[in-house]
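One file, work.cif, is given below (mmCIF, C-alpha atoms).
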```cif
data_entry
#
loop_
_atom_site.label_atom_id
_atom_site.label_comp_id
_atom_site.auth_asym_id
_atom_site.auth_seq_id
_atom_site.Cartn_x
_atom_site.Cartn_y
_atom_site.Cartn_z
CA MET A 1 -57.04 -58.82 -30.98
CA HIS A 2 -56.28 -58.74 -34.71
CA PHE A 3 -59.63 -57.15 -35.51
CA PHE A 4 -59.21 -54.67 -32.65
CA ARG A 5 -55.87 -53.51 -34.09
CA ILE A 6 -57.42 -53.04 -37.52
CA PHE A 7 -60.28 -51.07 -35.96
CA LEU A 8 -57.87 -48.85 -33.96
CA LEU A 9 -55.76 -48.11 -37.05
CA ALA A 10 -58.89 -47.20 -38.98
CA VAL A 11 -59.98 -44.76 -36.24
CA LEU A 12 -56.53 -43.14 -36.07
CA PHE A 13 -56.40 -42.83 -39.85
CA SER A 14 -59.83 -41.21 -39.85
CA ILE A 15 -58.82 -38.68 -37.17
CA GLN A 16 -55.58 -37.87 -38.99
CA SER A 17 -57.39 -37.43 -42.30
CA GLN A 18 -59.93 -35.06 -40.73
CA SER A 19 -57.13 -33.05 -39.13
CA GLN A 20 -55.21 -32.81 -42.39
CA SER A 21 -58.31 -31.71 -44.28
CA LYS A 22 -58.94 -28.68 -42.03
CA LYS A 23 -58.23 -25.35 -43.67
CA TYR A 24 -57.78 -21.97 -42.04
CA LYS A 25 -57.86 -18.32 -42.93
CA ILE A 26 -54.92 -16.48 -41.43
CA HIS A 27 -54.17 -12.83 -40.75
CA THR A 28 -50.91 -11.42 -39.42
CA VAL A 29 -51.10 -8.52 -36.98
CA ALA A 30 -47.80 -6.70 -36.45
CA PHE A 31 -46.17 -3.86 -34.58
CA TYR A 32 -42.95 -2.07 -35.53
CA ASN A 33 -41.14 0.86 -33.96
CA PHE A 34 -39.94 2.69 -37.09
CA GLU A 35 -37.28 4.58 -35.08
CA ASN A 36 -37.07 8.20 -36.10
CA LEU A 37 -39.12 8.13 -39.27
CA TYR A 38 -38.64 11.83 -40.00
CA ASP A 39 -38.80 13.62 -43.31
CA THR A 40 -36.10 16.21 -44.14
CA VAL A 41 -38.33 19.28 -43.73
CA ASP A 42 -37.85 21.46 -40.66
CA ASP A 43 -41.17 21.73 -38.84
CA GLU A 44 -41.26 24.86 -36.67
CA PHE A 45 -43.83 23.27 -34.34
CA THR A 46 -41.80 20.15 -33.45
CA ASN A 47 -38.30 19.42 -32.20
CA ASP A 48 -37.08 17.85 -35.45
CA ASP A 49 -34.00 20.04 -36.16
CA GLU A 50 -31.71 17.06 -35.70
CA TRP A 51 -33.41 15.28 -38.61
CA THR A 52 -32.73 17.82 -41.34
CA PRO A 53 -29.90 18.04 -43.91
CA ASN A 54 -28.04 20.58 -41.75
CA GLY A 55 -28.93 18.87 -38.46
CA ALA A 56 -26.85 16.61 -36.25
CA GLN A 57 -27.95 13.50 -38.16
CA HIS A 58 -27.26 15.03 -41.60
CA TRP A 59 -30.63 13.61 -42.61
CA THR A 60 -30.67 13.90 -46.41
CA THR A 61 -33.29 12.98 -49.01
CA GLU A 62 -31.18 9.98 -50.00
CA LYS A 63 -31.11 8.67 -46.44
CA TYR A 64 -34.83 9.28 -46.00
CA GLN A 65 -35.68 7.40 -49.19
CA GLN A 66 -33.44 4.49 -48.18
CA LYS A 67 -35.11 4.40 -44.77
CA LEU A 68 -38.52 4.10 -46.46
CA LYS A 69 -37.26 1.23 -48.65
CA ASN A 70 -35.85 -0.55 -45.61
CA LEU A 71 -39.07 -0.27 -43.62
CA ALA A 72 -41.20 -1.32 -46.60
CA ARG A 73 -39.10 -4.47 -47.04
CA VAL A 74 -39.56 -5.42 -43.39
CA ILE A 75 -43.31 -4.76 -43.34
CA SER A 76 -43.84 -6.79 -46.51
CA GLU A 77 -42.05 -9.81 -45.00
CA ILE A 78 -43.30 -9.89 -41.39
CA GLY A 79 -45.04 -13.16 -40.62
CA THR A 80 -43.72 -15.15 -43.55
CA PRO A 81 -43.45 -18.03 -44.31
CA GLU A 82 -46.47 -19.18 -42.22
CA ASN A 83 -48.53 -16.52 -43.95
CA SER A 84 -47.48 -15.57 -47.47
CA ASN A 85 -49.54 -12.37 -47.26
CA ALA A 86 -48.07 -9.28 -45.59
CA PRO A 87 -49.61 -8.19 -42.28
CA THR A 88 -53.24 -7.10 -42.44
CA LEU A 89 -52.80 -4.68 -39.51
CA ILE A 90 -49.52 -2.87 -38.73
CA GLY A 91 -49.12 -0.64 -35.70
CA GLY A 92 -46.22 1.80 -35.90
CA SER A 93 -44.46 4.30 -33.66
CA GLU A 94 -41.83 7.07 -33.88
CA ILE A 95 -43.61 8.63 -36.86
CA GLU A 96 -43.16 12.36 -37.49
CA ASN A 97 -46.36 13.04 -39.43
CA ARG A 98 -48.88 11.66 -41.88
CA ASN A 99 -46.72 12.67 -44.84
CA VAL A 100 -44.02 10.12 -44.02
CA LEU A 101 -46.67 7.41 -43.87
CA GLU A 102 -48.05 8.50 -47.23
CA ASP A 103 -44.54 8.14 -48.65
CA LEU A 104 -44.08 4.76 -46.96
CA VAL A 105 -47.24 3.11 -48.32
CA LYS A 106 -46.27 4.23 -51.84
CA GLU A 107 -43.07 2.20 -51.73
CA PRO A 108 -43.09 -0.54 -54.44
CA LYS A 109 -43.08 -3.37 -51.89
CA LEU A 110 -46.18 -1.97 -50.18
CA GLN A 111 -48.09 -0.16 -52.90
CA GLN A 112 -49.89 -3.30 -54.11
CA LEU A 113 -51.25 -3.87 -50.59
CA ASP A 114 -53.42 -0.73 -50.82
CA LEU A 115 -52.74 0.27 -47.22
CA GLY A 116 -55.00 2.68 -45.36
CA ILE A 117 -53.61 5.06 -42.72
CA ILE A 118 -55.01 6.11 -39.35
CA HIS A 119 -52.89 8.76 -37.66
CA PHE A 120 -53.22 11.67 -35.23
CA ASP A 121 -50.63 14.25 -34.20
CA SER A 122 -49.57 13.71 -30.59
CA PRO A 123 -48.31 16.36 -28.15
CA ASP A 124 -44.98 14.55 -27.82
CA LYS A 125 -42.12 17.05 -27.51
CA ARG A 126 -40.15 15.31 -30.28
CA GLY A 127 -43.15 15.40 -32.57
CA ILE A 128 -43.41 11.62 -32.92
CA ASP A 129 -46.70 9.76 -33.10
CA VAL A 130 -48.25 6.32 -33.38
CA ALA A 131 -50.37 5.10 -36.28
CA LEU A 132 -52.15 2.10 -37.73
CA LEU A 133 -51.73 0.84 -41.30
CA TYR A 134 -54.24 -1.66 -42.63
CA GLN A 135 -55.03 -3.61 -45.78
CA LYS A 136 -58.29 -2.12 -47.00
CA LYS A 137 -59.50 -5.36 -48.58
CA TYR A 138 -59.49 -7.16 -45.22
CA PHE A 139 -60.09 -4.49 -42.56
CA ARG A 140 -62.79 -1.80 -42.48
CA PRO A 141 -62.41 0.82 -39.73
CA THR A 142 -65.63 2.15 -38.22
CA SER A 143 -64.27 4.53 -35.57
CA PHE A 144 -60.95 5.82 -34.29
CA SER A 145 -59.77 8.26 -31.65
CA ASN A 146 -56.61 9.42 -29.92
CA ILE A 147 -56.76 9.18 -26.14
CA PRO A 148 -54.27 11.43 -24.31
CA LEU A 149 -52.13 10.24 -21.44
CA ILE A 150 -52.14 13.05 -18.88
CA ILE A 151 -49.12 12.68 -16.57
CA TYR A 152 -47.03 15.12 -14.54
CA LYS A 153 -43.50 15.24 -13.20
CA LYS A 154 -45.02 15.96 -9.80
CA GLU A 155 -48.47 16.73 -8.52
CA ILE A 156 -49.29 20.31 -7.53
CA PRO A 157 -51.56 20.78 -4.49
CA LYS A 158 -54.96 22.18 -5.38
CA LYS A 159 -54.38 25.31 -3.31
CA GLU A 160 -51.38 26.12 -5.50
CA GLU A 161 -53.20 25.61 -8.79
CA GLU A 162 -53.31 28.83 -10.76
CA THR A 163 -56.28 30.16 -12.69
CA GLU A 164 -56.77 32.83 -15.31
CA ILE A 165 -59.73 34.90 -16.49
CA LEU A 166 -60.54 34.67 -20.20
CA ASP A 167 -61.86 37.59 -22.24
CA ASP A 168 -65.42 36.39 -21.75
CA GLY A 169 -65.01 36.43 -17.97
CA ILE A 170 -64.78 32.64 -17.56
CA GLU A 171 -62.23 31.43 -14.99
CA VAL A 172 -60.17 28.41 -16.05
CA LYS A 173 -57.18 26.54 -14.67
CA LYS A 174 -53.83 27.32 -16.18
CA GLU A 175 -52.03 24.39 -17.75
CA ASN A 176 -49.77 22.58 -15.32
CA LYS A 177 -46.20 23.30 -16.46
CA ASN A 178 -45.08 20.00 -14.94
CA ARG A 179 -47.04 17.98 -17.49
CA VAL A 180 -45.01 15.35 -19.37
CA PHE A 181 -46.05 15.50 -23.01
CA THR A 182 -46.02 12.05 -24.53
CA ARG A 183 -47.76 9.98 -27.19
CA ASP A 184 -51.52 9.50 -27.23
CA GLN A 185 -52.98 5.99 -27.24
CA LEU A 186 -54.67 5.32 -30.57
CA LEU A 187 -57.92 3.32 -30.46
CA VAL A 188 -59.26 1.91 -33.74
CA SER A 189 -62.43 -0.17 -34.01
CA GLY A 190 -63.51 -1.96 -37.15
CA PHE A 191 -64.20 -5.23 -38.90
CA LEU A 192 -61.60 -7.84 -39.79
CA GLU A 193 -63.49 -9.38 -42.66
CA ASN A 194 -66.92 -9.63 -40.94
CA GLU A 195 -65.75 -9.75 -37.30
CA GLU A 196 -65.53 -6.71 -35.04
CA ILE A 197 -62.11 -6.09 -33.53
CA HIS A 198 -60.49 -3.24 -31.59
CA ILE A 199 -56.85 -2.18 -31.86
CA ILE A 200 -54.93 0.05 -29.43
CA VAL A 201 -51.55 1.34 -30.65
CA ASN A 202 -49.13 2.53 -27.97
CA HIS A 203 -45.76 4.13 -27.40
CA TRP A 204 -45.48 4.53 -23.65
CA PRO A 205 -43.18 7.08 -21.94
CA SER A 206 -39.49 6.35 -22.31
CA ARG A 207 -36.92 5.46 -19.65
CA SER A 208 -35.02 8.69 -20.26
CA GLY A 209 -33.93 9.83 -16.81
CA GLY A 210 -33.75 6.28 -15.49
CA GLU A 211 -36.06 3.27 -15.27
CA LYS A 212 -37.02 3.79 -11.62
CA ALA A 213 -37.54 7.53 -11.95
CA THR A 214 -39.92 7.09 -14.88
CA THR A 215 -41.75 3.88 -14.00
CA MET A 216 -44.72 5.85 -12.62
CA PHE A 217 -45.37 7.27 -16.09
CA ARG A 218 -45.52 3.85 -17.73
CA GLU A 219 -47.66 2.50 -14.89
CA ALA A 220 -50.10 5.34 -15.60
CA ALA A 221 -50.03 4.38 -19.28
CA GLY A 222 -50.84 0.78 -18.36
CA LYS A 223 -53.78 1.88 -16.21
CA LEU A 224 -55.13 4.06 -19.03
CA ASN A 225 -54.79 1.15 -21.43
CA ARG A 226 -56.66 -1.11 -19.04
CA LYS A 227 -59.38 1.54 -18.64
CA ILE A 228 -59.89 1.61 -22.43
CA ILE A 229 -60.16 -2.19 -22.54
CA ASP A 230 -62.58 -2.23 -19.60
CA SER A 231 -64.81 0.32 -21.31
CA LEU A 232 -64.93 -1.80 -24.46
CA GLN A 233 -65.76 -4.90 -22.41
CA GLN A 234 -68.55 -3.06 -20.61
CA ILE A 235 -70.20 -2.45 -23.97
CA ASN A 236 -69.52 -6.00 -25.14
CA PRO A 237 -68.12 -8.58 -22.66
CA GLN A 238 -66.83 -10.60 -25.63
CA ALA A 239 -65.07 -7.65 -27.28
CA LYS A 240 -61.93 -8.71 -29.14
CA VAL A 241 -59.18 -6.23 -28.26
CA LEU A 242 -55.52 -6.23 -29.27
CA THR A 243 -53.25 -3.69 -27.58
CA MET A 244 -49.84 -3.38 -29.20
CA GLY A 245 -46.84 -1.14 -29.04
CA ASP A 246 -43.47 -0.16 -27.73
CA PHE A 247 -44.28 -0.19 -24.02
CA ASN A 248 -40.72 0.75 -22.96
CA ASP A 249 -41.17 -1.98 -20.35
CA GLY A 250 -40.89 -5.74 -20.55
CA PRO A 251 -43.57 -8.35 -19.82
CA PHE A 252 -42.63 -8.52 -16.11
CA ASN A 253 -42.59 -4.79 -15.31
CA LYS A 254 -45.28 -3.19 -13.15
CA SER A 255 -46.86 -1.28 -16.03
CA ILE A 256 -47.70 -4.57 -17.76
CA LYS A 257 -48.28 -6.80 -14.74
CA ASN A 258 -50.08 -4.35 -12.46
CA GLY A 259 -51.28 -1.53 -14.70
CA LEU A 260 -52.53 -3.61 -17.60
CA ARG A 261 -52.86 -6.75 -15.43
CA ALA A 262 -51.60 -9.05 -18.18
CA LYS A 263 -51.31 -12.82 -17.68
CA GLY A 264 -48.53 -14.83 -19.29
CA ALA A 265 -50.13 -18.29 -19.22
CA LYS A 266 -53.28 -19.20 -21.10
CA ALA A 267 -54.46 -21.35 -18.19
CA GLU A 268 -54.51 -18.27 -15.93
CA VAL A 269 -56.59 -16.13 -18.29
CA ALA A 270 -60.14 -15.64 -16.97
CA GLU A 271 -63.06 -14.04 -18.81
CA PHE A 272 -62.06 -10.37 -18.54
CA ASP A 273 -58.29 -10.84 -18.32
CA VAL A 274 -55.71 -10.03 -20.96
CA PHE A 275 -53.09 -12.46 -22.25
CA ASN A 276 -49.50 -11.59 -23.12
CA PRO A 277 -47.91 -14.26 -25.34
CA PHE A 278 -44.59 -12.41 -25.27
CA GLU A 279 -44.01 -13.34 -21.63
CA GLU A 280 -43.22 -16.87 -22.79
CA LEU A 281 -40.77 -15.54 -25.40
CA ALA A 282 -39.09 -13.40 -22.73
CA ASN A 283 -38.68 -16.50 -20.56
CA LYS A 284 -36.84 -18.08 -23.49
CA GLY A 285 -34.34 -15.23 -23.52
CA LEU A 286 -35.60 -13.60 -26.71
CA GLY A 287 -35.81 -9.85 -27.19
CA THR A 288 -36.79 -6.97 -29.45
CA ILE A 289 -34.28 -4.38 -28.19
CA ALA A 290 -30.74 -4.63 -26.84
CA TYR A 291 -29.07 -2.41 -24.26
CA ARG A 292 -25.66 -3.01 -22.72
CA ASP A 293 -25.56 -6.51 -24.16
CA SER A 294 -28.87 -7.41 -22.55
CA TRP A 295 -32.07 -8.12 -24.49
CA ASN A 296 -35.60 -7.21 -23.45
CA ILE A 297 -39.03 -7.38 -25.08
CA PHE A 298 -40.39 -3.83 -25.06
CA ASP A 299 -42.50 -4.48 -28.16
CA GLN A 300 -45.53 -6.65 -27.44
CA ILE A 301 -49.01 -7.51 -28.66
CA ILE A 302 -51.44 -8.29 -25.82
CA MET A 303 -55.04 -9.46 -26.19
CA THR A 304 -58.30 -10.00 -24.36
CA ALA A 305 -59.41 -13.48 -23.30
CA SER A 306 -62.01 -13.45 -26.09
CA LEU A 307 -59.14 -13.99 -28.57
CA VAL A 308 -57.58 -16.87 -26.64
CA ARG A 309 -59.81 -19.83 -27.39
CA SER A 310 -59.37 -23.28 -28.86
CA ASP A 311 -62.51 -22.77 -30.92
CA PHE A 312 -61.50 -21.36 -34.30
CA SER A 313 -64.99 -20.85 -35.68
CA THR A 314 -64.09 -17.13 -35.42
CA PHE A 315 -60.69 -15.44 -35.65
CA ASN A 316 -58.58 -16.33 -32.61
CA PHE A 317 -54.96 -16.21 -31.54
CA TRP A 318 -52.69 -18.94 -32.88
CA LYS A 319 -49.13 -17.95 -32.01
CA ALA A 320 -46.75 -15.01 -31.60
CA GLY A 321 -43.29 -14.24 -32.87
CA ILE A 322 -40.42 -11.76 -33.20
CA PHE A 323 -39.34 -10.98 -36.76
CA ASN A 324 -35.57 -11.40 -36.55
CA LYS A 325 -34.08 -11.84 -40.01
CA PRO A 326 -30.26 -11.64 -40.37
CA TYR A 327 -30.44 -8.47 -42.47
CA LEU A 328 -31.94 -6.63 -39.48
CA ILE A 329 -28.86 -7.29 -37.33
CA GLN A 330 -25.46 -5.60 -37.33
CA ASN A 331 -22.77 -8.10 -38.30
CA SER A 332 -19.67 -6.16 -37.30
CA GLY A 333 -18.31 -3.41 -35.09
CA GLN A 334 -18.99 -2.40 -31.49
CA TYR A 335 -22.70 -3.21 -31.76
CA LYS A 336 -22.39 -6.52 -33.56
CA GLY A 337 -25.52 -8.57 -32.86
CA TYR A 338 -27.68 -5.50 -32.14
CA PRO A 339 -30.52 -4.32 -34.39
CA LEU A 340 -29.20 -2.40 -37.43
CA ARG A 341 -30.22 1.21 -36.86
CA ASN A 342 -29.42 4.57 -38.48
CA THR A 343 -25.88 5.94 -38.38
CA LEU A 344 -24.40 9.19 -39.60
CA THR A 345 -23.29 7.47 -42.79
CA GLN A 346 -26.25 5.25 -43.65
CA ALA A 347 -29.96 4.76 -43.11
CA GLY A 348 -30.68 1.59 -41.18
CA PHE A 349 -33.86 -0.17 -40.12
CA SER A 350 -34.64 0.35 -36.42
CA ASP A 351 -33.21 -0.22 -32.97
CA HIS A 352 -36.26 -2.43 -32.37
CA LEU A 353 -37.30 -5.70 -33.97
CA PRO A 354 -40.92 -6.08 -35.11
CA VAL A 355 -43.37 -8.40 -33.39
CA TYR A 356 -46.43 -10.18 -34.70
CA VAL A 357 -49.27 -12.54 -33.89
CA TYR A 358 -51.38 -14.77 -36.11
CA LEU A 359 -55.16 -14.78 -35.98
CA ILE A 360 -56.73 -17.83 -37.61
CA LYS A 361 -60.20 -19.06 -38.43
CA GLU A 362 -61.30 -22.47 -39.62
CA VAL A 363 -62.79 -22.53 -43.10
CA LEU A 364 -65.78 -24.90 -43.22
#
```

Could I get this structure in the form of structure tokens?
Amino acid sequence: MHFFRIFLLAVLFSIQSQSQSKKYKIHTVAFYNFENLYDTVDDEFTNDDEWTPNGAQHWTTEKYQQKLKNLARVISEIGTPENSNAPTLIGGSEIENRNVLEDLVKEPKLQQLDLGIIHFDSPDKRGIDVALLYQKKYFRPTSFSNIPLIIYKKEIPKKEEETEILDDGIEVKKENKNRVFTRDQLLVSGFLENEEIHIIVNHWPSRSGGEKATTMFREAAGKLNRKIIDSLQQINPQAKVLTMGDFNDGPFNKSIKNGLRAKGAKAEVAEFDVFNPFEELANKGLGTIAYRDSWNIFDQIIMTASLVRSDFSTFNFWKAGIFNKPYLIQNSGQYKGYPLRNTLTQAGFSDHLPVYVYLIKEVL
């Protein structure tokens, strides 16, 4: 018995030593709704009048510059302390144009990261877009495209569809005036170090007009998102896909559960399923946005089964989180406890909290 105890202790010590000696590479992938990241210039092609010096928000150069500093601070700190490096990939939404992103990446807290920008103008009526920022030394994009979400307030019967004759005699359908113009879904493919990965950045239709009245639009967005993922998996069944964004729905809404068909438990995730780690955080009562004293997780990062493995010989999901530092929260007034957003007197951060996931790989 004495020798058996010595042997058992030796085995346990050996296992513990091997575990402690393992080293991992780690990358943080984040998403942040920048909330009204507008410059101060009036763009005649977008509805940005509110965000000008003479507009309703009295949006001055000083406020704009403070907003950039605030966002840069957040981006530089997301994912710490588990990863001392800033996020490698950052999806963003509510972005007016490429110029504001150019200004953002030049901020002192971000400039040293040498961030690349992938951005397209969307047909959104407010002129806001989605984009992807990435650290050039770790991620190399190989292709990117903006995929439109075509949705309508109501369907028009084919017999009522109007056509027009162009100058060259070609007959075409007139644009449906009931179309809801919203953000495109941004698809970026590339290599995280030497591993191919695909990123979809989203900002699904809002709940303006009521949750029930607009749920069909977000369900359509979820189906489009799932179609993009399916197409990538048809090319490569083991494709690693991360879809992130402000979905304007929580983990249990139809757009996520039925449209995207996301699973909240790793044990339920089959080969071609997608996994939503933020369902567990929602069950714990956590949130990224507050409304009428109730929290919900509209901001999520969801991934294909190929990223949910216990084998870390390649980059795989480790854990997810909500970046919720005290400086991001209002500490007084009517909205005490809510995210610290812009007011008429000062530039804040955002009405959303950022989210992130860690991808890790064992170093041999």

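Atom CA of A:Leu71 is positioned 12.1 Å from atom CA of A:Ile95.
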
So which residues touch A:Lys63 within 9 Å, counting only C-alpha atoms, skipping near sequence neighbours fewer than 4 positions away, as a PyMOL selection string? chain A and resi 58-59+67-68+345-348

Have a look at atom CA of A:Lys154 and atom CA of A:Gly222 and let me know their distance in Å, one decimal. 18.4 Å

Expected axis-aligned box over every listed atom of stretch 81-95 of chain A, 4 Å added per side, centre plus edges in Å to one decimal, as lines of an AutoDock Vina configuration file:
```
center_x = -47.5
center_y = -5.3
center_z = -40.6
size_x = 19.4
size_y = 35.8
size_z = 21.8
```

Within 12 Å of stretch 275-279 of chain A, counting all atoms listed in the file, which residues show up once you throw out same-chain ones fewer than 6 positions away? Write them as a PyMOL selection string, please. chain A and resi 240-244+249-253+256-257+260-269+285-288+296-309+317-322+355-358

Could you tell me how far atom CA of A:Asn70 lies from atom CA of A:Tyr291, in Å and to one decimal? 22.5 Å

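For the set A:Leu328, A:Leu149, A:Ala239, A:Val363, the residue with the smallest atom-to-atom gap to A:Glu77 is A:Leu328, counting all atoms listed in the file.
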
For the file shown, report as a PyMOL selection string the outcome of the PyMOL selection byres ((chain A and resi 93) around 10) at residue level. chain A and resi 31-37+91-92+94-96+128-132+183+201-203+245-246

Nearest to A:Phe139: which of A:Ser76, A:Asn47, A:Asn54, A:Thr28 is it, counting only C-alpha atoms? A:Thr28

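For the residues A:Gln112, A:Phe45, A:Gly210, A:His352, ranking by smallest atom-to-atom distance to A:Ala86 using all atoms listed in the file places A:Gln112 first.
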
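For the choices A:Ser122, A:Ser350, A:Ser310, A:Asn83, the atom-to-atom distance to A:Pro148 is smallest for A:Ser122 when using all atoms listed in the file.
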
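Each of A:Glu219, A:Pro123, A:Glu193, A:Val41 was compared to A:Pro53 using all atoms listed in the file, and A:Val41 turns out to be the nearest.
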
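With only C-alpha atoms as the atoms that count, the minimum distance from A:Leu192 to the choices A:Pro81, A:Pro237, A:Phe315, A:Ile75 is reached by A:Phe315.
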
All residues 8 Å or closer to A:Tyr38, all atoms listed in the file, same chain fewer than 5 positions away omitted, as a PyMOL selection string: chain A and resi 48+51+64+95-97+100

For A:Glu102, please output as a count of residues only all residues within 10 Å (counting only C-alpha atoms; exclusion window: fewer than 3 positions along the same chain). 9

Which residues, named as in the file, does the PyMOL selection byres ((chain A and resi 206-208) around 10) pick out? Answer as a PDB file with C-alpha atoms, in the coordinates of the input.
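Final output, saved to out-v8.pdb:
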```
ATOM      1  CA  THR A 182     -46.020  12.050 -24.530  1.00  0.00           C
ATOM      2  CA  HIS A 203     -45.760   4.130 -27.400  1.00  0.00           C
ATOM      3  CA  TRP A 204     -45.480   4.530 -23.650  1.00  0.00           C
ATOM      4  CA  PRO A 205     -43.180   7.080 -21.940  1.00  0.00           C
ATOM      5  CA  GLY A 209     -33.930   9.830 -16.810  1.00  0.00           C
ATOM      6  CA  GLY A 210     -33.750   6.280 -15.490  1.00  0.00           C
ATOM      7  CA  GLU A 211     -36.060   3.270 -15.270  1.00  0.00           C
ATOM      8  CA  LYS A 212     -37.020   3.790 -11.620  1.00  0.00           C
ATOM      9  CA  ALA A 213     -37.540   7.530 -11.950  1.00  0.00           C
ATOM     10  CA  THR A 214     -39.920   7.090 -14.880  1.00  0.00           C
ATOM     11  CA  THR A 215     -41.750   3.880 -14.000  1.00  0.00           C
ATOM     12  CA  PHE A 217     -45.370   7.270 -16.090  1.00  0.00           C
ATOM     13  CA  ARG A 218     -45.520   3.850 -17.730  1.00  0.00           C
ATOM     14  CA  ASP A 246     -43.470  -0.160 -27.730  1.00  0.00           C
ATOM     15  CA  PHE A 247     -44.280  -0.190 -24.020  1.00  0.00           C
ATOM     16  CA  ASN A 248     -40.720   0.750 -22.960  1.00  0.00           C
ATOM     17  CA  ASP A 249     -41.170  -1.980 -20.350  1.00  0.00           C
TER      18      ASP A 249
END
```

Can you turn the PyMOL selection byres ((chain A and resi 330) around 12) into a concrete residue list for this file, as a PyMOL selection string? chain A and resi 290+324-329+331-343+348-351

Find the residues near A:Arg140: any atom within 7 Å, counting only C-alpha atoms, skip ones fewer than 3 places away on the same chain, and give them as a PDB file with C-alpha atoms, in the frame of the given file.
```
ATOM      1  CA  LYS A 136     -58.290  -2.120 -47.000  1.00  0.00           C
ATOM      2  CA  GLY A 190     -63.510  -1.960 -37.150  1.00  0.00           C
ATOM      3  CA  PHE A 191     -64.200  -5.230 -38.900  1.00  0.00           C
ATOM      4  CA  LEU A 192     -61.600  -7.840 -39.790  1.00  0.00           C
TER       5      LEU A 192
END
```

Here's a test: counting all atoms listed in the file, identify every protein, DNA and RNA residue with an atom at most 10 Å from (-46.2, 19.6, -21.0) in the file's coordinate frame, and state them as a PDB file with C-alpha atoms, keeping the file's coordinate frame.
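Writing done, so here's out05.pdb:
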```pdb
ATOM      1  CA  PRO A 123     -48.310  16.360 -28.150  1.00  0.00           C
ATOM      2  CA  ASP A 124     -44.980  14.550 -27.820  1.00  0.00           C
ATOM      3  CA  LYS A 125     -42.120  17.050 -27.510  1.00  0.00           C
ATOM      4  CA  ILE A 150     -52.140  13.050 -18.880  1.00  0.00           C
ATOM      5  CA  ILE A 151     -49.120  12.680 -16.570  1.00  0.00           C
ATOM      6  CA  TYR A 152     -47.030  15.120 -14.540  1.00  0.00           C
ATOM      7  CA  LYS A 153     -43.500  15.240 -13.200  1.00  0.00           C
ATOM      8  CA  GLU A 175     -52.030  24.390 -17.750  1.00  0.00           C
ATOM      9  CA  ASN A 176     -49.770  22.580 -15.320  1.00  0.00           C
ATOM     10  CA  LYS A 177     -46.200  23.300 -16.460  1.00  0.00           C
ATOM     11  CA  ASN A 178     -45.080  20.000 -14.940  1.00  0.00           C
ATOM     12  CA  ARG A 179     -47.040  17.980 -17.490  1.00  0.00           C
ATOM     13  CA  VAL A 180     -45.010  15.350 -19.370  1.00  0.00           C
ATOM     14  CA  PHE A 181     -46.050  15.500 -23.010  1.00  0.00           C
ATOM     15  CA  THR A 182     -46.020  12.050 -24.530  1.00  0.00           C
TER      16      THR A 182
END
```
